[in-house]
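Asker: Next up, start-v3.tsv (TSV, N, CA and C atoms).
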```tsv
chain	number	residue	atom	x	y	z
A	210	MET	N	9.95	8.75	2.33
A	210	MET	CA	8.78	7.93	2.68
A	210	MET	C	9.11	7.05	3.88
A	211	THR	N	8.14	6.89	4.76
A	211	THR	CA	8.33	6.00	5.90
A	211	THR	C	7.33	4.86	5.79
A	212	GLU	N	7.64	3.78	6.45
A	212	GLU	CA	6.79	2.60	6.40
A	212	GLU	C	6.82	1.92	7.76
A	213	LYS	N	5.67	1.54	8.25
A	213	LYS	CA	5.64	0.87	9.55
A	213	LYS	C	4.61	-0.25	9.51
A	214	THR	N	4.93	-1.36	10.17
A	214	THR	CA	4.03	-2.51	10.16
A	214	THR	C	3.42	-2.75	11.54
A	215	TYR	N	2.13	-2.95	11.56
A	215	TYR	CA	1.38	-3.20	12.79
A	215	TYR	C	0.71	-4.56	12.68
A	216	THR	N	0.25	-5.07	13.81
A	216	THR	CA	-0.53	-6.31	13.79
A	216	THR	C	-1.96	-6.00	14.22
A	217	VAL	N	-2.88	-6.45	13.40
A	217	VAL	CA	-4.30	-6.20	13.64
A	217	VAL	C	-5.01	-7.54	13.81
A	218	THR	N	-5.85	-7.64	14.83
A	218	THR	CA	-6.61	-8.87	15.03
A	218	THR	C	-8.07	-8.66	14.66
A	219	GLY	N	-8.70	-9.74	14.25
A	219	GLY	CA	-10.14	-9.69	13.99
A	219	GLY	C	-10.52	-9.72	12.52
A	220	MET	N	-9.56	-9.52	11.63
A	220	MET	CA	-9.90	-9.55	10.20
A	220	MET	C	-10.03	-10.99	9.74
A	221	THR	N	-11.15	-11.29	9.05
A	221	THR	CA	-11.37	-12.67	8.60
A	221	THR	C	-11.51	-12.82	7.10
A	222	CYS	N	-11.75	-11.72	6.39
A	222	CYS	CA	-12.01	-11.87	4.96
A	222	CYS	C	-11.61	-10.61	4.20
A	223	ASP	N	-11.80	-10.65	2.88
A	223	ASP	CA	-11.44	-9.52	2.04
A	223	ASP	C	-12.18	-8.23	2.39
A	224	HIS	N	-13.39	-8.40	2.89
A	224	HIS	CA	-14.14	-7.19	3.26
A	224	HIS	C	-13.50	-6.50	4.46
A	225	CYS	N	-12.99	-7.31	5.38
A	225	CYS	CA	-12.27	-6.75	6.53
A	225	CYS	C	-11.05	-5.99	6.03
A	226	VAL	N	-10.33	-6.60	5.11
A	226	VAL	CA	-9.13	-5.98	4.55
A	226	VAL	C	-9.46	-4.62	3.95
A	227	ARG	N	-10.53	-4.58	3.19
A	227	ARG	CA	-10.91	-3.31	2.53
A	227	ARG	C	-11.31	-2.26	3.54
A	228	SER	N	-12.02	-2.67	4.59
A	228	SER	CA	-12.42	-1.70	5.62
A	228	SER	C	-11.21	-1.07	6.27
A	229	VAL	N	-10.22	-1.90	6.58
A	229	VAL	CA	-9.00	-1.39	7.21
A	229	VAL	C	-8.27	-0.46	6.25
A	230	ILE	N	-8.13	-0.87	4.99
A	230	ILE	CA	-7.45	-0.02	4.01
A	230	ILE	C	-8.18	1.32	3.89
A	231	GLU	N	-9.49	1.27	3.84
A	231	GLU	CA	-10.27	2.50	3.66
A	231	GLU	C	-10.06	3.46	4.83
A	232	GLU	N	-10.14	2.94	6.05
A	232	GLU	CA	-10.01	3.82	7.21
A	232	GLU	C	-8.58	4.34	7.38
A	233	VAL	N	-7.62	3.45	7.22
A	233	VAL	CA	-6.22	3.86	7.45
A	233	VAL	C	-5.75	4.81	6.34
A	234	SER	N	-6.19	4.57	5.11
A	234	SER	CA	-5.73	5.43	4.02
A	234	SER	C	-6.33	6.83	4.10
A	235	ALA	N	-7.37	6.99	4.91
A	235	ALA	CA	-7.98	8.31	5.07
A	235	ALA	C	-7.18	9.20	6.02
A	236	LEU	N	-6.21	8.62	6.72
A	236	LEU	CA	-5.40	9.41	7.66
A	236	LEU	C	-4.46	10.35	6.90
A	237	ASP	N	-4.23	11.51	7.47
A	237	ASP	CA	-3.31	12.49	6.88
A	237	ASP	C	-1.94	11.89	6.60
A	238	GLY	N	-1.46	12.09	5.40
A	238	GLY	CA	-0.10	11.69	5.07
A	238	GLY	C	0.09	10.26	4.63
A	239	VAL	N	-0.98	9.44	4.72
A	239	VAL	CA	-0.85	8.03	4.33
A	239	VAL	C	-0.88	7.90	2.80
A	240	THR	N	0.11	7.21	2.26
A	240	THR	CA	0.18	7.04	0.81
A	240	THR	C	0.04	5.57	0.39
A	241	GLY	N	-0.07	4.69	1.37
A	241	GLY	CA	-0.25	3.30	1.01
A	241	GLY	C	-0.59	2.45	2.21
A	242	VAL	N	-1.39	1.42	1.98
A	242	VAL	CA	-1.73	0.47	3.04
A	242	VAL	C	-1.70	-0.92	2.43
A	243	LEU	N	-0.99	-1.81	3.08
A	243	LEU	CA	-0.88	-3.19	2.61
A	243	LEU	C	-1.30	-4.11	3.75
A	244	VAL	N	-2.23	-5.00	3.47
A	244	VAL	CA	-2.72	-5.90	4.52
A	244	VAL	C	-2.40	-7.34	4.17
A	245	ASP	N	-1.84	-8.06	5.11
A	245	ASP	CA	-1.65	-9.50	4.94
A	245	ASP	C	-2.66	-10.19	5.84
A	246	LEU	N	-3.70	-10.71	5.23
A	246	LEU	CA	-4.82	-11.26	6.01
A	246	LEU	C	-4.41	-12.43	6.91
A	247	PRO	N	-3.65	-13.41	6.42
A	247	PRO	CA	-3.31	-14.56	7.27
A	247	PRO	C	-2.56	-14.18	8.56
A	248	THR	N	-1.66	-13.20	8.45
A	248	THR	CA	-0.87	-12.82	9.64
A	248	THR	C	-1.47	-11.62	10.37
A	249	GLY	N	-2.36	-10.89	9.72
A	249	GLY	CA	-2.90	-9.68	10.32
A	249	GLY	C	-1.96	-8.49	10.25
A	250	GLU	N	-0.88	-8.65	9.50
A	250	GLU	CA	0.07	-7.53	9.41
A	250	GLU	C	-0.46	-6.43	8.49
A	251	VAL	N	-0.43	-5.22	9.00
A	251	VAL	CA	-0.88	-4.06	8.23
A	251	VAL	C	0.30	-3.09	8.11
A	252	THR	N	0.76	-2.89	6.89
A	252	THR	CA	1.87	-1.97	6.66
A	252	THR	C	1.33	-0.64	6.16
A	253	VAL	N	1.75	0.42	6.83
A	253	VAL	CA	1.28	1.76	6.50
A	253	VAL	C	2.45	2.58	5.97
A	254	ALA	N	2.32	3.08	4.77
A	254	ALA	CA	3.35	3.93	4.18
A	254	ALA	C	2.86	5.37	4.20
A	255	GLY	N	3.78	6.29	4.42
A	255	GLY	CA	3.39	7.69	4.46
A	255	GLY	C	4.50	8.62	4.03
A	256	ASP	N	4.12	9.85	3.70
A	256	ASP	CA	5.09	10.89	3.38
A	256	ASP	C	5.95	11.18	4.60
A	257	THR	N	5.25	11.24	5.73
A	257	THR	CA	5.92	11.43	7.02
A	257	THR	C	5.39	10.32	7.91
A	258	GLU	N	6.02	10.10	9.06
A	258	GLU	CA	5.55	9.01	9.91
A	258	GLU	C	4.15	9.30	10.44
A	259	VAL	N	3.30	8.30	10.32
A	259	VAL	CA	1.93	8.44	10.79
A	259	VAL	C	1.89	7.92	12.23
A	260	GLY	N	1.26	8.66	13.12
A	260	GLY	CA	1.24	8.30	14.54
A	260	GLY	C	0.48	7.02	14.82
A	261	VAL	N	0.99	6.24	15.77
A	261	VAL	CA	0.36	4.97	16.14
A	261	VAL	C	-1.05	5.22	16.68
A	262	ALA	N	-1.26	6.33	17.38
A	262	ALA	CA	-2.58	6.63	17.94
A	262	ALA	C	-3.60	6.81	16.82
A	263	GLU	N	-3.17	7.46	15.75
A	263	GLU	CA	-4.07	7.68	14.61
A	263	GLU	C	-4.36	6.36	13.90
A	264	VAL	N	-3.33	5.54	13.74
A	264	VAL	CA	-3.53	4.24	13.09
A	264	VAL	C	-4.46	3.37	13.94
A	265	ARG	N	-4.23	3.38	15.24
A	265	ARG	CA	-5.07	2.59	16.15
A	265	ARG	C	-6.54	3.04	16.05
A	266	ALA	N	-6.75	4.33	16.05
A	266	ALA	CA	-8.12	4.86	15.98
A	266	ALA	C	-8.79	4.44	14.67
A	267	ALA	N	-8.04	4.49	13.57
A	267	ALA	CA	-8.59	4.12	12.27
A	267	ALA	C	-8.94	2.63	12.23
A	268	VAL	N	-8.06	1.81	12.78
A	268	VAL	CA	-8.29	0.36	12.80
A	268	VAL	C	-9.53	0.04	13.66
A	269	GLU	N	-9.66	0.73	14.78
A	269	GLU	CA	-10.82	0.51	15.65
A	269	GLU	C	-12.09	1.01	14.98
A	270	GLU	N	-11.98	2.10	14.25
A	270	GLU	CA	-13.13	2.62	13.51
A	270	GLU	C	-13.61	1.58	12.49
A	271	ALA	N	-12.66	0.85	11.93
A	271	ALA	CA	-13.01	-0.20	10.96
A	271	ALA	C	-13.59	-1.43	11.65
A	272	GLY	N	-13.40	-1.51	12.98
A	272	GLY	CA	-13.99	-2.61	13.73
A	272	GLY	C	-13.00	-3.67	14.20
A	273	TYR	N	-11.70	-3.33	14.18
A	273	TYR	CA	-10.68	-4.31	14.55
A	273	TYR	C	-9.76	-3.74	15.62
A	274	GLN	N	-8.82	-4.56	16.07
A	274	GLN	CA	-7.93	-4.15	17.15
A	274	GLN	C	-6.47	-4.17	16.71
A	275	LEU	N	-5.75	-3.13	17.13
A	275	LEU	CA	-4.32	-3.06	16.88
A	275	LEU	C	-3.62	-3.66	18.09
A	276	THR	N	-2.79	-4.69	17.86
A	276	THR	CA	-2.16	-5.33	19.02
A	276	THR	C	-0.70	-4.97	19.14
A	277	ALA	N	-0.09	-4.55	18.06
A	277	ALA	CA	1.34	-4.21	18.12
A	277	ALA	C	1.67	-3.27	16.97
B	168	MET	N	1.16	-14.08	-3.03
B	168	MET	CA	0.76	-12.68	-3.26
B	168	MET	C	1.41	-12.15	-4.54
B	169	THR	N	0.66	-11.38	-5.30
B	169	THR	CA	1.23	-10.78	-6.49
B	169	THR	C	1.23	-9.26	-6.31
B	170	GLU	N	2.08	-8.61	-7.06
B	170	GLU	CA	2.20	-7.16	-6.94
B	170	GLU	C	2.50	-6.60	-8.32
B	171	LYS	N	1.82	-5.54	-8.70
B	171	LYS	CA	2.05	-4.95	-10.01
B	171	LYS	C	2.01	-3.43	-9.89
B	172	THR	N	2.89	-2.76	-10.64
B	172	THR	CA	2.95	-1.31	-10.56
B	172	THR	C	2.48	-0.68	-11.86
B	173	TYR	N	1.62	0.32	-11.73
B	173	TYR	CA	1.06	1.05	-12.87
B	173	TYR	C	1.46	2.52	-12.75
B	174	THR	N	1.30	3.25	-13.84
B	174	THR	CA	1.52	4.69	-13.77
B	174	THR	C	0.19	5.40	-14.00
B	175	VAL	N	-0.10	6.31	-13.09
B	175	VAL	CA	-1.37	7.04	-13.13
B	175	VAL	C	-1.06	8.53	-13.28
B	176	THR	N	-1.75	9.19	-14.19
B	176	THR	CA	-1.54	10.63	-14.35
B	176	THR	C	-2.74	11.39	-13.80
B	177	GLY	N	-2.47	12.61	-13.36
B	177	GLY	CA	-3.53	13.50	-12.92
B	177	GLY	C	-3.63	13.71	-11.42
B	178	MET	N	-2.91	12.87	-10.64
B	178	MET	CA	-2.97	13.04	-9.18
B	178	MET	C	-2.08	14.22	-8.78
B	179	THR	N	-2.63	15.11	-7.97
B	179	THR	CA	-1.86	16.30	-7.58
B	179	THR	C	-1.68	16.45	-6.07
B	180	CYS	N	-2.46	15.74	-5.29
B	180	CYS	CA	-2.38	15.95	-3.83
B	180	CYS	C	-2.80	14.70	-3.09
B	181	ASP	N	-2.74	14.79	-1.76
B	181	ASP	CA	-3.09	13.65	-0.91
B	181	ASP	C	-4.53	13.18	-1.10
B	182	HIS	N	-5.41	14.11	-1.46
B	182	HIS	CA	-6.80	13.69	-1.67
B	182	HIS	C	-6.92	12.81	-2.91
B	183	CYS	N	-6.11	13.14	-3.92
B	183	CYS	CA	-6.08	12.30	-5.12
B	183	CYS	C	-5.60	10.90	-4.75
B	184	VAL	N	-4.55	10.86	-3.95
B	184	VAL	CA	-3.97	9.58	-3.52
B	184	VAL	C	-5.02	8.73	-2.82
B	185	ARG	N	-5.76	9.37	-1.93
B	185	ARG	CA	-6.78	8.63	-1.17
B	185	ARG	C	-7.90	8.13	-2.06
B	186	SER	N	-8.28	8.94	-3.04
B	186	SER	CA	-9.35	8.51	-3.95
B	186	SER	C	-8.93	7.27	-4.72
B	187	VAL	N	-7.69	7.27	-5.19
B	187	VAL	CA	-7.18	6.12	-5.94
B	187	VAL	C	-7.11	4.90	-5.04
B	188	ILE	N	-6.58	5.06	-3.84
B	188	ILE	CA	-6.50	3.93	-2.90
B	188	ILE	C	-7.90	3.39	-2.62
B	189	GLU	N	-8.84	4.27	-2.40
B	189	GLU	CA	-10.19	3.83	-2.07
B	189	GLU	C	-10.81	3.01	-3.21
B	190	GLU	N	-10.70	3.52	-4.43
B	190	GLU	CA	-11.32	2.82	-5.56
B	190	GLU	C	-10.61	1.51	-5.87
B	191	VAL	N	-9.28	1.54	-5.89
B	191	VAL	CA	-8.54	0.34	-6.27
B	191	VAL	C	-8.66	-0.74	-5.19
B	192	SER	N	-8.66	-0.32	-3.93
B	192	SER	CA	-8.73	-1.32	-2.86
B	192	SER	C	-10.10	-1.99	-2.79
B	193	ALA	N	-11.08	-1.40	-3.45
B	193	ALA	CA	-12.42	-2.00	-3.46
B	193	ALA	C	-12.52	-3.15	-4.47
B	194	LEU	N	-11.50	-3.31	-5.32
B	194	LEU	CA	-11.52	-4.40	-6.30
B	194	LEU	C	-11.33	-5.76	-5.62
B	195	ASP	N	-11.98	-6.76	-6.17
B	195	ASP	CA	-11.85	-8.13	-5.65
B	195	ASP	C	-10.39	-8.56	-5.58
B	196	GLY	N	-10.00	-9.08	-4.44
B	196	GLY	CA	-8.68	-9.68	-4.30
B	196	GLY	C	-7.56	-8.72	-3.97
B	197	VAL	N	-7.84	-7.42	-3.97
B	197	VAL	CA	-6.77	-6.45	-3.67
B	197	VAL	C	-6.52	-6.41	-2.16
B	198	THR	N	-5.25	-6.54	-1.78
B	198	THR	CA	-4.91	-6.52	-0.36
B	198	THR	C	-4.02	-5.34	0.01
B	199	GLY	N	-3.67	-4.54	-0.99
B	199	GLY	CA	-2.85	-3.38	-0.68
B	199	GLY	C	-2.70	-2.47	-1.87
B	200	VAL	N	-2.61	-1.17	-1.57
B	200	VAL	CA	-2.39	-0.19	-2.63
B	200	VAL	C	-1.39	0.83	-2.09
B	201	LEU	N	-0.35	1.08	-2.89
B	201	LEU	CA	0.67	2.04	-2.49
B	201	LEU	C	0.82	3.05	-3.61
B	202	VAL	N	0.73	4.33	-3.27
B	202	VAL	CA	0.81	5.36	-4.30
B	202	VAL	C	2.03	6.25	-4.05
B	203	ASP	N	2.80	6.48	-5.09
B	203	ASP	CA	3.89	7.45	-5.00
B	203	ASP	C	3.45	8.67	-5.81
B	204	LEU	N	3.08	9.72	-5.11
B	204	LEU	CA	2.49	10.88	-5.76
B	204	LEU	C	3.44	11.56	-6.77
B	205	PRO	N	4.71	11.79	-6.42
B	205	PRO	CA	5.60	12.47	-7.37
B	205	PRO	C	5.75	11.75	-8.71
B	206	THR	N	5.81	10.43	-8.68
B	206	THR	CA	6.01	9.68	-9.92
B	206	THR	C	4.70	9.19	-10.52
B	207	GLY	N	3.63	9.17	-9.73
B	207	GLY	CA	2.36	8.65	-10.19
B	207	GLY	C	2.31	7.12	-10.19
B	208	GLU	N	3.31	6.50	-9.59
B	208	GLU	CA	3.32	5.03	-9.55
B	208	GLU	C	2.33	4.50	-8.52
B	209	VAL	N	1.51	3.57	-8.98
B	209	VAL	CA	0.52	2.96	-8.10
B	209	VAL	C	0.79	1.45	-8.09
B	210	THR	N	1.15	0.94	-6.92
B	210	THR	CA	1.43	-0.48	-6.79
B	210	THR	C	0.22	-1.17	-6.16
B	211	VAL	N	-0.22	-2.22	-6.84
B	211	VAL	CA	-1.41	-2.95	-6.39
B	211	VAL	C	-0.98	-4.35	-5.97
B	212	ALA	N	-1.26	-4.71	-4.74
B	212	ALA	CA	-0.96	-6.04	-4.25
B	212	ALA	C	-2.25	-6.82	-4.13
B	213	GLY	N	-2.17	-8.11	-4.41
B	213	GLY	CA	-3.38	-8.93	-4.34
B	213	GLY	C	-3.09	-10.37	-4.03
B	214	ASP	N	-4.13	-11.08	-3.60
B	214	ASP	CA	-4.04	-12.51	-3.34
B	214	ASP	C	-3.74	-13.23	-4.65
B	215	THR	N	-4.44	-12.77	-5.67
B	215	THR	CA	-4.23	-13.28	-7.02
B	215	THR	C	-4.03	-12.05	-7.89
B	216	GLU	N	-3.56	-12.25	-9.11
B	216	GLU	CA	-3.31	-11.07	-9.95
B	216	GLU	C	-4.62	-10.36	-10.28
B	217	VAL	N	-4.60	-9.05	-10.11
B	217	VAL	CA	-5.78	-8.24	-10.39
B	217	VAL	C	-5.66	-7.76	-11.83
B	218	GLY	N	-6.73	-7.89	-12.60
B	218	GLY	CA	-6.70	-7.53	-14.02
B	218	GLY	C	-6.48	-6.06	-14.25
B	219	VAL	N	-5.72	-5.75	-15.31
B	219	VAL	CA	-5.43	-4.36	-15.65
B	219	VAL	C	-6.71	-3.61	-16.01
B	220	ALA	N	-7.66	-4.29	-16.60
B	220	ALA	CA	-8.92	-3.63	-16.97
B	220	ALA	C	-9.66	-3.16	-15.73
B	221	GLU	N	-9.64	-3.98	-14.69
B	221	GLU	CA	-10.31	-3.63	-13.44
B	221	GLU	C	-9.59	-2.46	-12.76
B	222	VAL	N	-8.25	-2.51	-12.78
B	222	VAL	CA	-7.48	-1.42	-12.17
B	222	VAL	C	-7.73	-0.12	-12.93
B	223	ARG	N	-7.72	-0.22	-14.27
B	223	ARG	CA	-7.96	0.97	-15.09
B	223	ARG	C	-9.34	1.58	-14.78
B	224	ALA	N	-10.34	0.72	-14.69
B	224	ALA	CA	-11.69	1.21	-14.42
B	224	ALA	C	-11.76	1.89	-13.05
B	225	ALA	N	-11.08	1.32	-12.08
B	225	ALA	CA	-11.09	1.90	-10.73
B	225	ALA	C	-10.39	3.25	-10.71
B	226	VAL	N	-9.27	3.35	-11.41
B	226	VAL	CA	-8.51	4.60	-11.48
B	226	VAL	C	-9.34	5.67	-12.17
B	227	GLU	N	-10.03	5.28	-13.23
B	227	GLU	CA	-10.87	6.25	-13.96
B	227	GLU	C	-12.06	6.67	-13.11
B	228	GLU	N	-12.60	5.72	-12.35
B	228	GLU	CA	-13.70	6.03	-11.44
B	228	GLU	C	-13.25	7.09	-10.42
B	229	ALA	N	-12.00	7.01	-10.02
B	229	ALA	CA	-11.46	7.99	-9.07
B	229	ALA	C	-11.19	9.33	-9.75
B	230	GLY	N	-11.16	9.33	-11.08
B	230	GLY	CA	-10.98	10.59	-11.81
B	230	GLY	C	-9.61	10.76	-12.45
B	231	TYR	N	-8.86	9.66	-12.59
B	231	TYR	CA	-7.50	9.76	-13.14
B	231	TYR	C	-7.32	8.78	-14.29
B	232	GLN	N	-6.13	8.83	-14.88
B	232	GLN	CA	-5.88	7.99	-16.04
B	232	GLN	C	-4.72	7.03	-15.80
B	233	LEU	N	-4.91	5.80	-16.27
B	233	LEU	CA	-3.85	4.81	-16.20
B	233	LEU	C	-3.08	4.88	-17.52
B	234	THR	N	-1.77	5.10	-17.44
B	234	THR	CA	-1.03	5.23	-18.70
B	234	THR	C	-0.16	4.02	-18.98
B	235	ALA	N	0.17	3.26	-17.97
B	235	ALA	CA	1.02	2.09	-18.19
B	235	ALA	C	0.80	1.10	-17.08
```
Step by step, read the file and then write its structure as structure tokens.

Answerer:
Amino acid sequence: MTEKTYTVTGMTCDHCVRSVIEEVSALDGVTGVLVDLPTGEVTVAGDTEVGVAEVRAAVEEAGYQLTA
Amino acid sequence: MTEKTYTVTGMTCDHCVRSVIEEVSALDGVTGVLVDLPTGEVTVAGDTEVGVAEVRAAVEEAGYQLTA
């Protein structure tokens, strides 16, 4: 299993958190998503490493921005 | 943040994993869901502790069973 943490800006509440989890968890190979709302840290766990481009697209689809 | 691990039976593939993540992450206060498909372990992270009854209902809604 691999795990990578990104920083997402724009999330303000639990609904934002759920939107991000929903979009990111729909990516191929993702087995877990953990969001820390205060810091904007989003940790993505997967069977294999999930590409940053795919994570970025999913975060943007949810309405937020990936900054790192 | 609190974190609790449950065992879920019946998941066989990535689509099962996503269904569980989707349903469980929709519960109030949940900020992360991590699923280990081989063992059936589902870890739920939250701002506050999420009730086992709510987690069980979400897992069943996804079509699986919570055993522990």

Asker: Using all atoms listed in the file, I'd like a table of the residues in chain A that come within 6 Å of chain B; for each, show the closest atom pair and its distance in Å rounded to one decimal, ordered by chain and ascending number, as JSON lines.

Answerer:
```
{"residue": "A:Arg227", "atom": "CA", "partner": "B:Ser192", "partner_atom": "C", "distance": 5.5}
{"residue": "A:Glu231", "atom": "CA", "partner": "B:Glu189", "partner_atom": "CA", "distance": 5.9}
{"residue": "A:Ser234", "atom": "C", "partner": "B:Arg185", "partner_atom": "CA", "distance": 5.6}
{"residue": "A:Thr240", "atom": "C", "partner": "B:Val202", "partner_atom": "N", "distance": 3.9}
{"residue": "A:Gly241", "atom": "CA", "partner": "B:Leu201", "partner_atom": "CA", "distance": 3.8}
{"residue": "A:Val242", "atom": "C", "partner": "B:Val200", "partner_atom": "N", "distance": 4.1}
{"residue": "A:Leu243", "atom": "CA", "partner": "B:Gly199", "partner_atom": "CA", "distance": 3.8}
{"residue": "A:Val244", "atom": "N", "partner": "B:Thr198", "partner_atom": "C", "distance": 3.9}
```

Asker: Quote the spacing between CA of Tyr231 in chain B and atom N of Thr174 in chain B in Å to one decimal place.

Answerer: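 Answer for the CA of Tyr231 in chain B to atom N of Thr174 in chain B separation: 11.0 Å.
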
Asker: Report, in Å to a single decimal, how far apart CA of Glu208 in chain B and CA of Ala220 in chain B are.

Answerer: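 About the pair CA of Ala220 in chain B and CA of Glu208 in chain B: they are 16.7 Å apart.
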
Asker: Please report the interatomic distance between atom C of Met220 in chain A and atom N of Gly230 in chain B in Å with one decimal.

Answerer: 29.1 Å

Asker: Going by DSSP on the backbone, which bits of chain A are strand (DSSP E)? Write them as a list in words, please.

Answerer: Thr211, Glu212, Lys213, Thr214, Tyr215, Thr216, Val217, Thr218, Val239, Thr240, Gly241, Val242, Leu243, Val244, Asp245, Glu250, Val251, Thr252, Val253, Ala254, Gly255, Gln274 and Leu275 of chain A

Asker: Can you tell me, as a PyMOL selection string, what residues are no more than 6 Å from Ala271 in chain A when counting all atoms listed in the file, ignoring any on the same chain fewer than 3 positions away?

Answerer: chain A and resi 228-229+266-268

Asker: Of the candidates B:Gly218, B:Pro205, B:Glu227, B:Gln232, which shows the shortest atom-to-atom distance to Gly177 in chain B, using all atoms listed in the file?

Answerer: B:Gln232

Asker: In chain A, what's helix (DSSP H, G or I) per DSSP? Answer as a PyMOL selection string?

Answerer: chain A and resi 223-234+261-271

Asker: Generate the output file for the selected residues, N, CA and C atoms, as a compact mmCIF listing (two decimals), keeping the file's coordinate frame.

Answerer:
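And here's out-v6.txt as it stands now:
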```
# COMPACT_ATOMS: atom_id res chain seq x y z
N ASP A 223 -11.80 -10.65 2.88
CA ASP A 223 -11.44 -9.52 2.04
C ASP A 223 -12.18 -8.23 2.39
N HIS A 224 -13.39 -8.40 2.89
CA HIS A 224 -14.14 -7.19 3.26
C HIS A 224 -13.50 -6.50 4.46
N CYS A 225 -12.99 -7.31 5.38
CA CYS A 225 -12.27 -6.75 6.53
C CYS A 225 -11.05 -5.99 6.03
N VAL A 226 -10.33 -6.60 5.11
CA VAL A 226 -9.13 -5.98 4.55
C VAL A 226 -9.46 -4.62 3.95
N ARG A 227 -10.53 -4.58 3.19
CA ARG A 227 -10.91 -3.31 2.53
C ARG A 227 -11.31 -2.26 3.54
N SER A 228 -12.02 -2.67 4.59
CA SER A 228 -12.42 -1.70 5.62
C SER A 228 -11.21 -1.07 6.27
N VAL A 229 -10.22 -1.90 6.58
CA VAL A 229 -9.00 -1.39 7.21
C VAL A 229 -8.27 -0.46 6.25
N ILE A 230 -8.13 -0.87 4.99
CA ILE A 230 -7.45 -0.02 4.01
C ILE A 230 -8.18 1.32 3.89
N GLU A 231 -9.49 1.27 3.84
CA GLU A 231 -10.27 2.50 3.66
C GLU A 231 -10.06 3.46 4.83
N GLU A 232 -10.14 2.94 6.05
CA GLU A 232 -10.01 3.82 7.21
C GLU A 232 -8.58 4.34 7.38
N VAL A 233 -7.62 3.45 7.22
CA VAL A 233 -6.22 3.86 7.45
C VAL A 233 -5.75 4.81 6.34
N SER A 234 -6.19 4.57 5.11
CA SER A 234 -5.73 5.43 4.02
C SER A 234 -6.33 6.83 4.10
N VAL A 261 0.99 6.24 15.77
CA VAL A 261 0.36 4.97 16.14
C VAL A 261 -1.05 5.22 16.68
N ALA A 262 -1.26 6.33 17.38
CA ALA A 262 -2.58 6.63 17.94
C ALA A 262 -3.60 6.81 16.82
N GLU A 263 -3.17 7.46 15.75
CA GLU A 263 -4.07 7.68 14.61
C GLU A 263 -4.36 6.36 13.90
N VAL A 264 -3.33 5.54 13.74
CA VAL A 264 -3.53 4.24 13.09
C VAL A 264 -4.46 3.37 13.94
N ARG A 265 -4.23 3.38 15.24
CA ARG A 265 -5.07 2.59 16.15
C ARG A 265 -6.54 3.04 16.05
N ALA A 266 -6.75 4.33 16.05
CA ALA A 266 -8.12 4.86 15.98
C ALA A 266 -8.79 4.44 14.67
N ALA A 267 -8.04 4.49 13.57
CA ALA A 267 -8.59 4.12 12.27
C ALA A 267 -8.94 2.63 12.23
N VAL A 268 -8.06 1.81 12.78
CA VAL A 268 -8.29 0.36 12.80
C VAL A 268 -9.53 0.04 13.66
N GLU A 269 -9.66 0.73 14.78
CA GLU A 269 -10.82 0.51 15.65
C GLU A 269 -12.09 1.01 14.98
N GLU A 270 -11.98 2.10 14.25
CA GLU A 270 -13.13 2.62 13.51
C GLU A 270 -13.61 1.58 12.49
N ALA A 271 -12.66 0.85 11.93
CA ALA A 271 -13.01 -0.20 10.96
C ALA A 271 -13.59 -1.43 11.65
```

Asker: Let me know the centre plus edge lengths, in Å and rounded to one decimal, of a box with edges along x, y and z that contains all listed atoms of range 224-228 of chain B and is padded by 4 Å on every side, as lines of an AutoDock Vina configuration file.

Answerer:
```
center_x = -11.1
center_y = 3.9
center_z = -12.6
size_x = 13.2
size_y = 14.4
size_z = 12.3
```

Asker: Could I see range 169-176 of chain B restored to N, CA, C and O atoms, set down as a PDB file, keeping the file's coordinate frame?

Answerer:
```pdb
ATOM      1  N   THR B 169       0.660 -11.380  -5.300  1.00  0.00           N
ATOM      2  CA  THR B 169       1.230 -10.780  -6.490  1.00  0.00           C
ATOM      3  C   THR B 169       1.230  -9.260  -6.310  1.00  0.00           C
ATOM      4  O   THR B 169       0.482  -8.719  -5.505  1.00  0.00           O
ATOM      5  N   GLU B 170       2.080  -8.610  -7.060  1.00  0.00           N
ATOM      6  CA  GLU B 170       2.200  -7.160  -6.940  1.00  0.00           C
ATOM      7  C   GLU B 170       2.500  -6.600  -8.320  1.00  0.00           C
ATOM      8  O   GLU B 170       3.335  -7.155  -9.058  1.00  0.00           O
ATOM      9  N   LYS B 171       1.820  -5.540  -8.700  1.00  0.00           N
ATOM     10  CA  LYS B 171       2.050  -4.950 -10.010  1.00  0.00           C
ATOM     11  C   LYS B 171       2.010  -3.430  -9.890  1.00  0.00           C
ATOM     12  O   LYS B 171       1.199  -2.886  -9.151  1.00  0.00           O
ATOM     13  N   THR B 172       2.890  -2.760 -10.640  1.00  0.00           N
ATOM     14  CA  THR B 172       2.950  -1.310 -10.560  1.00  0.00           C
ATOM     15  C   THR B 172       2.480  -0.680 -11.860  1.00  0.00           C
ATOM     16  O   THR B 172       2.870  -1.099 -12.949  1.00  0.00           O
ATOM     17  N   TYR B 173       1.620   0.320 -11.730  1.00  0.00           N
ATOM     18  CA  TYR B 173       1.060   1.050 -12.870  1.00  0.00           C
ATOM     19  C   TYR B 173       1.460   2.520 -12.750  1.00  0.00           C
ATOM     20  O   TYR B 173       1.891   2.950 -11.690  1.00  0.00           O
ATOM     21  N   THR B 174       1.300   3.250 -13.840  1.00  0.00           N
ATOM     22  CA  THR B 174       1.520   4.690 -13.770  1.00  0.00           C
ATOM     23  C   THR B 174       0.190   5.400 -14.000  1.00  0.00           C
ATOM     24  O   THR B 174      -0.532   5.115 -14.954  1.00  0.00           O
ATOM     25  N   VAL B 175      -0.100   6.310 -13.090  1.00  0.00           N
ATOM     26  CA  VAL B 175      -1.370   7.040 -13.130  1.00  0.00           C
ATOM     27  C   VAL B 175      -1.060   8.530 -13.280  1.00  0.00           C
ATOM     28  O   VAL B 175      -0.180   9.064 -12.599  1.00  0.00           O
ATOM     29  N   THR B 176      -1.750   9.190 -14.190  1.00  0.00           N
ATOM     30  CA  THR B 176      -1.540  10.630 -14.350  1.00  0.00           C
ATOM     31  C   THR B 176      -2.740  11.390 -13.800  1.00  0.00           C
ATOM     32  O   THR B 176      -3.861  10.882 -13.779  1.00  0.00           O
TER      33      THR B 176
END
```
